[in-house]
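The next block holds one structure in the form of structure tokens; read it before the comments.
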Amino acid sequence: MRKLKFLLQKEFRQIFRNRSILRIIFVMPVIQLLVLPLAADYEVRDIHVAVVDHDHSAWSQKLVNKIDASGYFQVLQYGNSFERAMAQIENDRADLILEIPAGFEKTVIKEDKASLFMAVNAINGVKANLGAAYLQQIIRDFNGERRAEWIVYPRFDPEKIITVTSSNWYNPNMNYKFFMVPGILVILVTMVGSFLAAMNIVKEKEIGTIEQINVTPIKKYQFILGKLIPFWVLGMLVLSIGLLIARLAYHIQPAGGLLPVFVFSAIYLLAILGLGLLVSTFTSSQQQAILLSFFLMMIFILLGGLYTSIESMPEWARWLTKFNPVSYFIEVMRLVVLKGSGLKDIGPHLLIMSVFAVVLNSWAVISYRKRH
Amino acid sequence: MQEGNVIEVEDLTKRFGDFTAVDKISFAVKQGEIFGFLGANGAGKTTAMRMLIGLSKPSSGEAKVAGFDVYRENEQIKNNIGYMSQKFSLYEDLTVKENIRFYAGIYGKSDQFIKEKTSIILKQLHMEEQANNLVVSLPLGWKQKLAFSVAVFHEPRIVFLDEPTGGVDPVTRREFWQMIYKAADKGITVFVTTHYMDEAEYCHRVSIMVDGRIEALDNPAALKKRFNARNMEEVFLKLARGAKRAE
């Protein structure tokens, strides 16, 4: 125990003496949490829709007005030239073309149905998909209103209209910040845990001090604890700062209380630090460690359920996310922050994360060798 | 283990695949002796030393250090030895005092012991004023002397020095060897590798490795006589000329 005290003292001294690392540890979370959630907005606005109206009727005008009034679209009128509208798409000035055929109004009134043509610029996939979906929604609404206007009394066999209204549970206003902020915090804590721990040990390899440590009677577990504890403390500190920022800047308070968040993070950090240690045992320079960590982080983040939902991934990818510690943390954050889950509800997650922690750390201890 | 010996090595071998880095070497080192371990680059000195201090597992052969077996008891060996590697291995972002305290602490020394001995050491090194300076700010020669003091701070039975004076100026080298003598006077056995043949003259006994084998082992005077040489440099050149391993 006494030896561990000396190891910890040394580690903390070095961390607090290294100004640039310290700055990264504390300034990065603050800036990222204040800036990133504002930028990572899922809502798409200012979709440029080029309208080609061959009909020029009161109804087509009504439809265009409705699109304009929705607030999501900027309507560009191109008379009745599809070619000119197409040119705008080619120049990337328009995202969508809506073509209203000649006789639109007449056909609708006579036959109770009509077709519209929509062309989507799919270079920006997200914008195109959402834009098309919004536009379809508006056209459906328009259709509904029209029917309500015309069908004064129920006809003998009116086409049944089923409208779906949705209410968003746990995040009633669909405030994307409520799930982006905790998610970004997860990634920050993960980076502090894995990157810094891995870099720290590999640095000792590079400068040769690890050899000096290896000829001392220090036990493997003492050395590893001496590295785990300081970064665990740092990780928890970053988490606390992050939660404070979430509260002050975004009024996000975990509905399930802070306890489940901290308990899960404590175990999560152990697992991630274990991963960092493992990376350091497989690499011999800081360069290699950075590359390997970066590679793992990319996969963890993209398969973590923050930017894309895991449910919509293909089967094999969903299977992969089961081995991704980040995905569990993001899920737990959402459960606790939004849904108000308590310790009992995240029990399975705690258990799985403990398995991660035990496996990764044992693996790291086994592969760390004092003698070659 | 024979009376008075602190290191005994018998047919010690280290192979890396097909390559035999250390080939059946045998020797013994006595308590309080300054033992010079010479050889050209790539002759296998460092590999042999790493096996003795528990950083590398031998492929075959026997070795005992401070009475402990290198295979089974390498952790006990570590309590009894000090080591100064070729690479400077103090923490440059810690102060002189903090480095001493850290290494003494992980050898399990008491606060009282650390405090008293630190002031003695700083006085000997004339580094009292630099005690709270970061090690990175010290000149190389000072760093090496400090590293040696740290390596023997916990009063080991044997200290292993791997090319301790590389890149150091002649004045500091002389001072360094005075420190080595002082340690030997206190009964600490010194096992040292070096490239400087004038330093070989300072050793009680010298072994010269060529291509993984020990080709000569005796005191400097006897070696010079045997090889009909004026100094150790000539002895070394005569032996090393036959080396097949390139640098």
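Following the order of the structure tokens, first chain is A, next is B, and so on, with residues numbered from 1 inside each chain and ligands from 1 in the order they appear.
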Check: Leaving out region 206-222 of chain B and any residue of its chain fewer than 6 positions from it, which residues lie within 9 Å of it when counting only C-alpha atoms, given as a ChimeraX atom specification?
Finding: /B:13,20-27,34-40,42-45,48,200,231-232,236,239-240,242-245
Write out the residues from the selection above, keeping N, CA and C atoms, as an mmCIF file, in the first residue's frame.
data_model
loop_
_atom_site.group_PDB
_atom_site.id
_atom_site.type_symbol
_atom_site.label_atom_id
_atom_site.label_comp_id
_atom_site.auth_asym_id
_atom_site.auth_seq_id
_atom_site.Cartn_x
_atom_site.Cartn_y
_atom_site.Cartn_z
ATOM 1 N N THR B 13 22.529 -18.722 -21.545
ATOM 2 C CA THR B 13 22.316 -18.564 -22.987
ATOM 3 C C THR B 13 21.010 -17.838 -23.253
ATOM 4 N N THR B 20 21.717 -16.565 -31.578
ATOM 5 C CA THR B 20 22.143 -16.753 -30.196
ATOM 6 C C THR B 20 22.858 -15.484 -29.736
ATOM 7 N N ALA B 21 22.163 -14.663 -28.961
ATOM 8 C CA ALA B 21 22.722 -13.379 -28.543
ATOM 9 C C ALA B 21 23.789 -13.578 -27.477
ATOM 10 N N VAL B 22 23.493 -14.487 -26.551
ATOM 11 C CA VAL B 22 24.453 -14.801 -25.491
ATOM 12 C C VAL B 22 24.649 -16.307 -25.521
ATOM 13 N N ASP B 23 25.927 -16.728 -25.646
ATOM 14 C CA ASP B 23 26.205 -18.131 -25.933
ATOM 15 C C ASP B 23 27.007 -18.775 -24.798
ATOM 16 N N LYS B 24 26.297 -19.437 -23.892
ATOM 17 C CA LYS B 24 26.940 -20.222 -22.824
ATOM 18 C C LYS B 24 28.034 -19.460 -22.097
ATOM 19 N N ILE B 25 27.677 -18.370 -21.458
ATOM 20 C CA ILE B 25 28.710 -17.647 -20.713
ATOM 21 C C ILE B 25 28.716 -18.120 -19.261
ATOM 22 N N SER B 26 29.925 -18.136 -18.680
ATOM 23 C CA SER B 26 30.077 -18.534 -17.280
ATOM 24 C C SER B 26 31.050 -17.589 -16.600
ATOM 25 N N PHE B 27 30.693 -17.098 -15.428
ATOM 26 C CA PHE B 27 31.618 -16.277 -14.631
ATOM 27 C C PHE B 27 31.046 -16.106 -13.237
ATOM 28 N N ILE B 34 34.499 -4.469 -8.419
ATOM 29 C CA ILE B 34 34.050 -3.681 -9.576
ATOM 30 C C ILE B 34 34.344 -4.527 -10.798
ATOM 31 N N PHE B 35 33.251 -5.030 -11.415
ATOM 32 C CA PHE B 35 33.395 -6.004 -12.492
ATOM 33 C C PHE B 35 33.064 -5.329 -13.818
ATOM 34 N N GLY B 36 34.070 -5.214 -14.697
ATOM 35 C CA GLY B 36 33.848 -4.562 -15.985
ATOM 36 C C GLY B 36 33.361 -5.576 -17.009
ATOM 37 N N PHE B 37 32.307 -5.256 -17.695
ATOM 38 C CA PHE B 37 31.712 -6.179 -18.652
ATOM 39 C C PHE B 37 31.840 -5.535 -20.024
ATOM 40 N N LEU B 38 32.900 -5.944 -20.758
ATOM 41 C CA LEU B 38 33.233 -5.258 -22.004
ATOM 42 C C LEU B 38 32.815 -6.047 -23.237
ATOM 43 N N GLY B 39 32.735 -5.356 -24.338
ATOM 44 C CA GLY B 39 32.405 -6.012 -25.592
ATOM 45 C C GLY B 39 32.019 -4.954 -26.603
ATOM 46 N N ALA B 40 32.150 -5.319 -27.897
ATOM 47 C CA ALA B 40 31.775 -4.370 -28.948
ATOM 48 C C ALA B 40 30.254 -4.250 -28.978
ATOM 49 N N GLY B 42 26.697 -5.024 -29.940
ATOM 50 C CA GLY B 42 26.117 -6.251 -30.482
ATOM 51 C C GLY B 42 26.774 -7.519 -29.985
ATOM 52 N N ALA B 43 27.747 -7.398 -29.056
ATOM 53 C CA ALA B 43 28.422 -8.593 -28.570
ATOM 54 C C ALA B 43 27.545 -9.375 -27.598
ATOM 55 N N GLY B 44 26.514 -8.729 -27.054
ATOM 56 C CA GLY B 44 25.593 -9.436 -26.160
ATOM 57 C C GLY B 44 25.663 -8.998 -24.702
ATOM 58 N N LYS B 45 26.405 -7.893 -24.450
ATOM 59 C CA LYS B 45 26.559 -7.421 -23.064
ATOM 60 C C LYS B 45 25.225 -7.075 -22.420
ATOM 61 N N ALA B 48 22.949 -10.010 -21.775
ATOM 62 C CA ALA B 48 23.389 -10.793 -20.618
ATOM 63 C C ALA B 48 22.982 -10.093 -19.322
ATOM 64 N N ALA B 200 38.049 0.692 -18.314
ATOM 65 C CA ALA B 200 38.285 -0.728 -18.048
ATOM 66 C C ALA B 200 39.457 -0.898 -17.081
ATOM 67 N N ASN B 231 48.065 -1.336 -23.183
ATOM 68 C CA ASN B 231 46.879 -0.897 -22.442
ATOM 69 C C ASN B 231 45.670 -1.772 -22.802
ATOM 70 N N MET B 232 44.557 -1.506 -22.153
ATOM 71 C CA MET B 232 43.358 -2.314 -22.365
ATOM 72 C C MET B 232 42.806 -2.156 -23.777
ATOM 73 N N PHE B 236 41.627 -5.148 -26.137
ATOM 74 C CA PHE B 236 40.286 -5.184 -26.697
ATOM 75 C C PHE B 236 40.319 -5.337 -28.207
ATOM 76 N N LEU B 239 41.248 -8.812 -29.394
ATOM 77 C CA LEU B 239 40.166 -9.778 -29.238
ATOM 78 C C LEU B 239 39.000 -9.495 -30.187
ATOM 79 N N ALA B 240 38.650 -8.209 -30.266
ATOM 80 C CA ALA B 240 37.428 -7.850 -30.995
ATOM 81 C C ALA B 240 37.616 -7.908 -32.499
ATOM 82 N N GLY B 242 38.551 -10.261 -34.218
ATOM 83 C CA GLY B 242 38.048 -11.529 -34.737
ATOM 84 C C GLY B 242 36.532 -11.608 -34.801
ATOM 85 N N ALA B 243 35.857 -10.541 -34.359
ATOM 86 C CA ALA B 243 34.391 -10.593 -34.295
ATOM 87 C C ALA B 243 33.769 -10.707 -35.672
ATOM 88 N N LYS B 244 32.732 -11.535 -35.780
ATOM 89 C CA LYS B 244 32.039 -11.698 -37.055
ATOM 90 C C LYS B 244 30.799 -10.822 -37.126
ATOM 91 N N ARG B 245 30.194 -10.574 -35.975
ATOM 92 C CA ARG B 245 28.965 -9.791 -35.968
ATOM 93 C C ARG B 245 29.245 -8.340 -36.309
#
Next item on the list: Could you please select, counting only C-alpha atoms, the residues of chain B within 8 Å of chain A and state them as JSON, numbers by chain?
Entry: {"B": [53, 54, 55, 56, 57, 75, 76, 78, 79, 82, 83, 84, 85, 87, 88, 89, 90, 91, 93, 94, 98, 102, 105, 106, 107, 108]}
Notebook entry, point to check: Looking at A:Asp55, A:Glu331, A:Glu311, A:Asp68, which one is nearest to Ile346 (chain A), with distances taken over only C-alpha atoms?
Noted result: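 Checking each candidate against Ile346 (chain A), we get A:Glu331 as the closest.
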Next item on the list: Give me, please, the distance in Å between CA of Val238 (chain A) and CA of Ile24 (chain A), quoted to one decimal.
Entry: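 Interatomic distance, CA of Val238 (chain A) to CA of Ile24 (chain A): 10.7 Å.
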Item checked: CA of Leu351 (chain A) to CA of Tyr268 (chain A), distance in Å rounded to a single decimal ->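 Pair CA of Leu351 (chain A) / CA of Tyr268 (chain A) returns 10.6 Å.
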DSSP-assigned helix (DSSP H, G or I) among region 235-330 of chain A, expressed as an mmCIF file with C-alpha atoms, in the first residue's frame:
data_model
loop_
_atom_site.group_PDB
_atom_site.id
_atom_site.type_symbol
_atom_site.label_atom_id
_atom_site.label_comp_id
_atom_site.auth_asym_id
_atom_site.auth_seq_id
_atom_site.Cartn_x
_atom_site.Cartn_y
_atom_site.Cartn_z
ATOM 1 C CA GLY A 235 -12.481 10.820 -15.738
ATOM 2 C CA MET A 236 -14.953 11.247 -12.884
ATOM 3 C CA LEU A 237 -13.910 14.889 -12.604
ATOM 4 C CA VAL A 238 -14.545 15.482 -16.304
ATOM 5 C CA LEU A 239 -17.915 13.778 -15.957
ATOM 6 C CA SER A 240 -18.862 16.008 -13.023
ATOM 7 C CA ILE A 241 -17.840 19.136 -14.887
ATOM 8 C CA GLY A 242 -19.806 17.943 -17.907
ATOM 9 C CA LEU A 243 -22.938 17.278 -15.886
ATOM 10 C CA LEU A 244 -22.629 20.716 -14.331
ATOM 11 C CA ILE A 245 -22.373 22.327 -17.762
ATOM 12 C CA ALA A 246 -25.353 20.308 -18.980
ATOM 13 C CA ARG A 247 -27.326 21.647 -16.062
ATOM 14 C CA LEU A 248 -26.235 25.255 -16.285
ATOM 15 C CA ALA A 249 -26.260 25.654 -20.045
ATOM 16 C CA TYR A 250 -29.034 23.310 -21.114
ATOM 17 C CA LEU A 258 -27.203 11.591 -10.273
ATOM 18 C CA LEU A 259 -26.542 8.372 -8.388
ATOM 19 C CA PRO A 260 -27.191 5.951 -11.274
ATOM 20 C CA VAL A 261 -25.087 8.127 -13.589
ATOM 21 C CA PHE A 262 -22.132 8.148 -11.219
ATOM 22 C CA VAL A 263 -22.354 4.482 -10.303
ATOM 23 C CA PHE A 264 -22.466 3.428 -13.934
ATOM 24 C CA SER A 265 -19.666 5.857 -14.897
ATOM 25 C CA ALA A 266 -17.457 4.519 -12.133
ATOM 26 C CA ILE A 267 -17.629 1.022 -13.579
ATOM 27 C CA TYR A 268 -17.578 2.253 -17.159
ATOM 28 C CA LEU A 269 -14.343 4.171 -16.556
ATOM 29 C CA LEU A 270 -12.714 1.047 -15.146
ATOM 30 C CA ALA A 271 -13.602 -0.799 -18.338
ATOM 31 C CA ILE A 272 -12.364 2.003 -20.588
ATOM 32 C CA LEU A 273 -9.147 2.403 -18.609
ATOM 33 C CA GLY A 274 -8.629 -1.327 -18.967
ATOM 34 C CA LEU A 275 -8.932 -0.856 -22.695
ATOM 35 C CA GLY A 276 -6.393 1.972 -22.556
ATOM 36 C CA LEU A 277 -3.980 -0.254 -20.642
ATOM 37 C CA LEU A 278 -4.484 -2.986 -23.183
ATOM 38 C CA VAL A 279 -3.714 -0.588 -26.033
ATOM 39 C CA SER A 280 -0.533 0.440 -24.232
ATOM 40 C CA THR A 281 0.655 -3.143 -23.835
ATOM 41 C CA PHE A 282 0.249 -3.775 -27.559
ATOM 42 C CA GLN A 286 2.850 7.112 -28.593
ATOM 43 C CA GLN A 287 2.216 7.320 -32.326
ATOM 44 C CA GLN A 288 1.032 3.733 -32.484
ATOM 45 C CA ALA A 289 -1.064 4.219 -29.379
ATOM 46 C CA ILE A 290 -2.778 7.285 -30.829
ATOM 47 C CA LEU A 291 -3.517 5.563 -34.107
ATOM 48 C CA LEU A 292 -4.913 2.463 -32.465
ATOM 49 C CA SER A 293 -7.003 4.488 -29.991
ATOM 50 C CA PHE A 294 -8.270 6.700 -32.772
ATOM 51 C CA PHE A 295 -9.282 3.703 -34.837
ATOM 52 C CA LEU A 296 -11.149 2.167 -31.904
ATOM 53 C CA MET A 297 -12.810 5.480 -31.025
ATOM 54 C CA MET A 298 -14.123 5.901 -34.566
ATOM 55 C CA ILE A 299 -15.782 2.515 -34.425
ATOM 56 C CA PHE A 300 -17.082 3.065 -30.923
ATOM 57 C CA ILE A 301 -18.608 6.406 -31.790
ATOM 58 C CA LEU A 302 -20.121 5.414 -35.121
ATOM 59 C CA ILE A 310 -28.730 1.119 -33.240
ATOM 60 C CA GLU A 311 -32.206 -0.243 -34.004
ATOM 61 C CA SER A 312 -31.893 0.818 -37.609
ATOM 62 C CA GLU A 315 -28.313 -7.296 -37.937
ATOM 63 C CA TRP A 316 -24.527 -7.829 -37.929
ATOM 64 C CA ALA A 317 -23.837 -4.248 -36.890
ATOM 65 C CA ARG A 318 -26.335 -4.491 -34.048
ATOM 66 C CA TRP A 319 -24.496 -7.580 -32.952
ATOM 67 C CA LEU A 320 -21.207 -5.637 -33.025
ATOM 68 C CA THR A 321 -22.606 -2.875 -30.827
ATOM 69 C CA PRO A 325 -18.889 -0.202 -24.216
ATOM 70 C CA VAL A 326 -19.792 3.250 -25.519
ATOM 71 C CA SER A 327 -23.213 2.069 -26.725
ATOM 72 C CA TYR A 328 -24.133 0.911 -23.205
ATOM 73 C CA PHE A 329 -23.106 4.206 -21.654
ATOM 74 C CA ILE A 330 -25.096 6.208 -24.193
#
Item checked: Atom-to-atom span, CA of Leu63 (chain A) and CA of Ile123 (chain A), Å -> 26.1 Å
Check: Could you pull out the strand (DSSP E) residues of region 47-158 of chain A from DSSP and send them as an NGL selection string?
Finding: :A and (47-53 or 73-77 or 96-100 or 117-120)
Item checked: Exercise: region 3-11 of chain B partners within 8 Å, only C-alpha atoms, chain neighbours under 4 positions left out, as a list in words -> Asp23, Lys24, Ile25, Ser26, Phe27, Ala28, Val29, Lys30, Gln31, Ser60, Gly61, Glu62, Ala63, Lys64, Val65, Ala66, Gly67, Ile158 and Thr189 of chain B
Grab the residues selected above and save them as a tab-separated table (two decimals), in the first residue's frame with N, CA, C and O atoms.
chain	number	residue	atom	x	y	z
B	23	ASP	N	25.93	-16.73	-25.65
B	23	ASP	CA	26.21	-18.13	-25.93
B	23	ASP	C	27.01	-18.78	-24.80
B	23	ASP	O	28.22	-18.66	-24.74
B	24	LYS	N	26.30	-19.44	-23.89
B	24	LYS	CA	26.94	-20.22	-22.82
B	24	LYS	C	28.03	-19.46	-22.10
B	24	LYS	O	29.20	-19.87	-22.13
B	25	ILE	N	27.68	-18.37	-21.46
B	25	ILE	CA	28.71	-17.65	-20.71
B	25	ILE	C	28.72	-18.12	-19.26
B	25	ILE	O	27.68	-18.50	-18.72
B	26	SER	N	29.93	-18.14	-18.68
B	26	SER	CA	30.08	-18.53	-17.28
B	26	SER	C	31.05	-17.59	-16.60
B	26	SER	O	32.11	-17.29	-17.15
B	27	PHE	N	30.69	-17.10	-15.43
B	27	PHE	CA	31.62	-16.28	-14.63
B	27	PHE	C	31.05	-16.11	-13.24
B	27	PHE	O	29.90	-16.48	-12.98
B	28	ALA	N	31.89	-15.58	-12.34
B	28	ALA	CA	31.41	-15.28	-10.99
B	28	ALA	C	31.92	-13.92	-10.57
B	28	ALA	O	33.00	-13.51	-11.00
B	29	VAL	N	31.15	-13.19	-9.78
B	29	VAL	CA	31.57	-11.87	-9.31
B	29	VAL	C	31.56	-11.89	-7.79
B	29	VAL	O	30.61	-12.40	-7.17
B	30	LYS	N	32.63	-11.33	-7.20
B	30	LYS	CA	32.75	-11.36	-5.74
B	30	LYS	C	32.12	-10.11	-5.13
B	30	LYS	O	32.02	-9.06	-5.76
B	31	GLN	N	31.73	-10.28	-3.88
B	31	GLN	CA	31.18	-9.17	-3.10
B	31	GLN	C	32.17	-7.99	-3.09
B	31	GLN	O	33.36	-8.17	-2.85
B	60	SER	N	18.60	-20.87	-21.62
B	60	SER	CA	19.11	-22.02	-20.87
B	60	SER	C	20.29	-21.59	-20.02
B	60	SER	O	20.74	-20.45	-20.09
B	61	GLY	N	20.80	-22.51	-19.19
B	61	GLY	CA	21.91	-22.18	-18.31
B	61	GLY	C	21.42	-21.80	-16.92
B	61	GLY	O	20.22	-21.74	-16.68
B	62	GLU	N	22.38	-21.57	-16.03
B	62	GLU	CA	22.04	-21.24	-14.65
B	62	GLU	C	22.60	-19.88	-14.29
B	62	GLU	O	23.65	-19.48	-14.79
B	63	ALA	N	21.92	-19.18	-13.40
B	63	ALA	CA	22.48	-17.94	-12.88
B	63	ALA	C	21.86	-17.64	-11.53
B	63	ALA	O	20.66	-17.83	-11.33
B	64	LYS	N	22.71	-17.19	-10.62
B	64	LYS	CA	22.22	-16.76	-9.31
B	64	LYS	C	22.73	-15.35	-9.06
B	64	LYS	O	23.90	-15.06	-9.25
B	65	VAL	N	21.83	-14.49	-8.61
B	65	VAL	CA	22.20	-13.11	-8.29
B	65	VAL	C	21.78	-12.86	-6.85
B	65	VAL	O	20.62	-13.10	-6.49
B	66	ALA	N	22.72	-12.44	-6.04
B	66	ALA	CA	22.49	-12.20	-4.61
B	66	ALA	C	21.90	-13.45	-3.95
B	66	ALA	O	21.12	-13.35	-3.00
B	67	GLY	N	22.27	-14.62	-4.48
B	67	GLY	CA	21.80	-15.87	-3.89
B	67	GLY	C	20.46	-16.34	-4.41
B	67	GLY	O	19.97	-17.38	-3.99
B	158	ILE	N	24.09	-5.24	-5.08
B	158	ILE	CA	24.77	-5.15	-6.38
B	158	ILE	C	24.15	-4.01	-7.17
B	158	ILE	O	22.93	-3.84	-7.16
B	189	THR	N	28.61	-4.29	-4.73
B	189	THR	CA	29.27	-4.85	-5.90
B	189	THR	C	28.84	-4.06	-7.13
B	189	THR	O	27.67	-3.73	-7.28
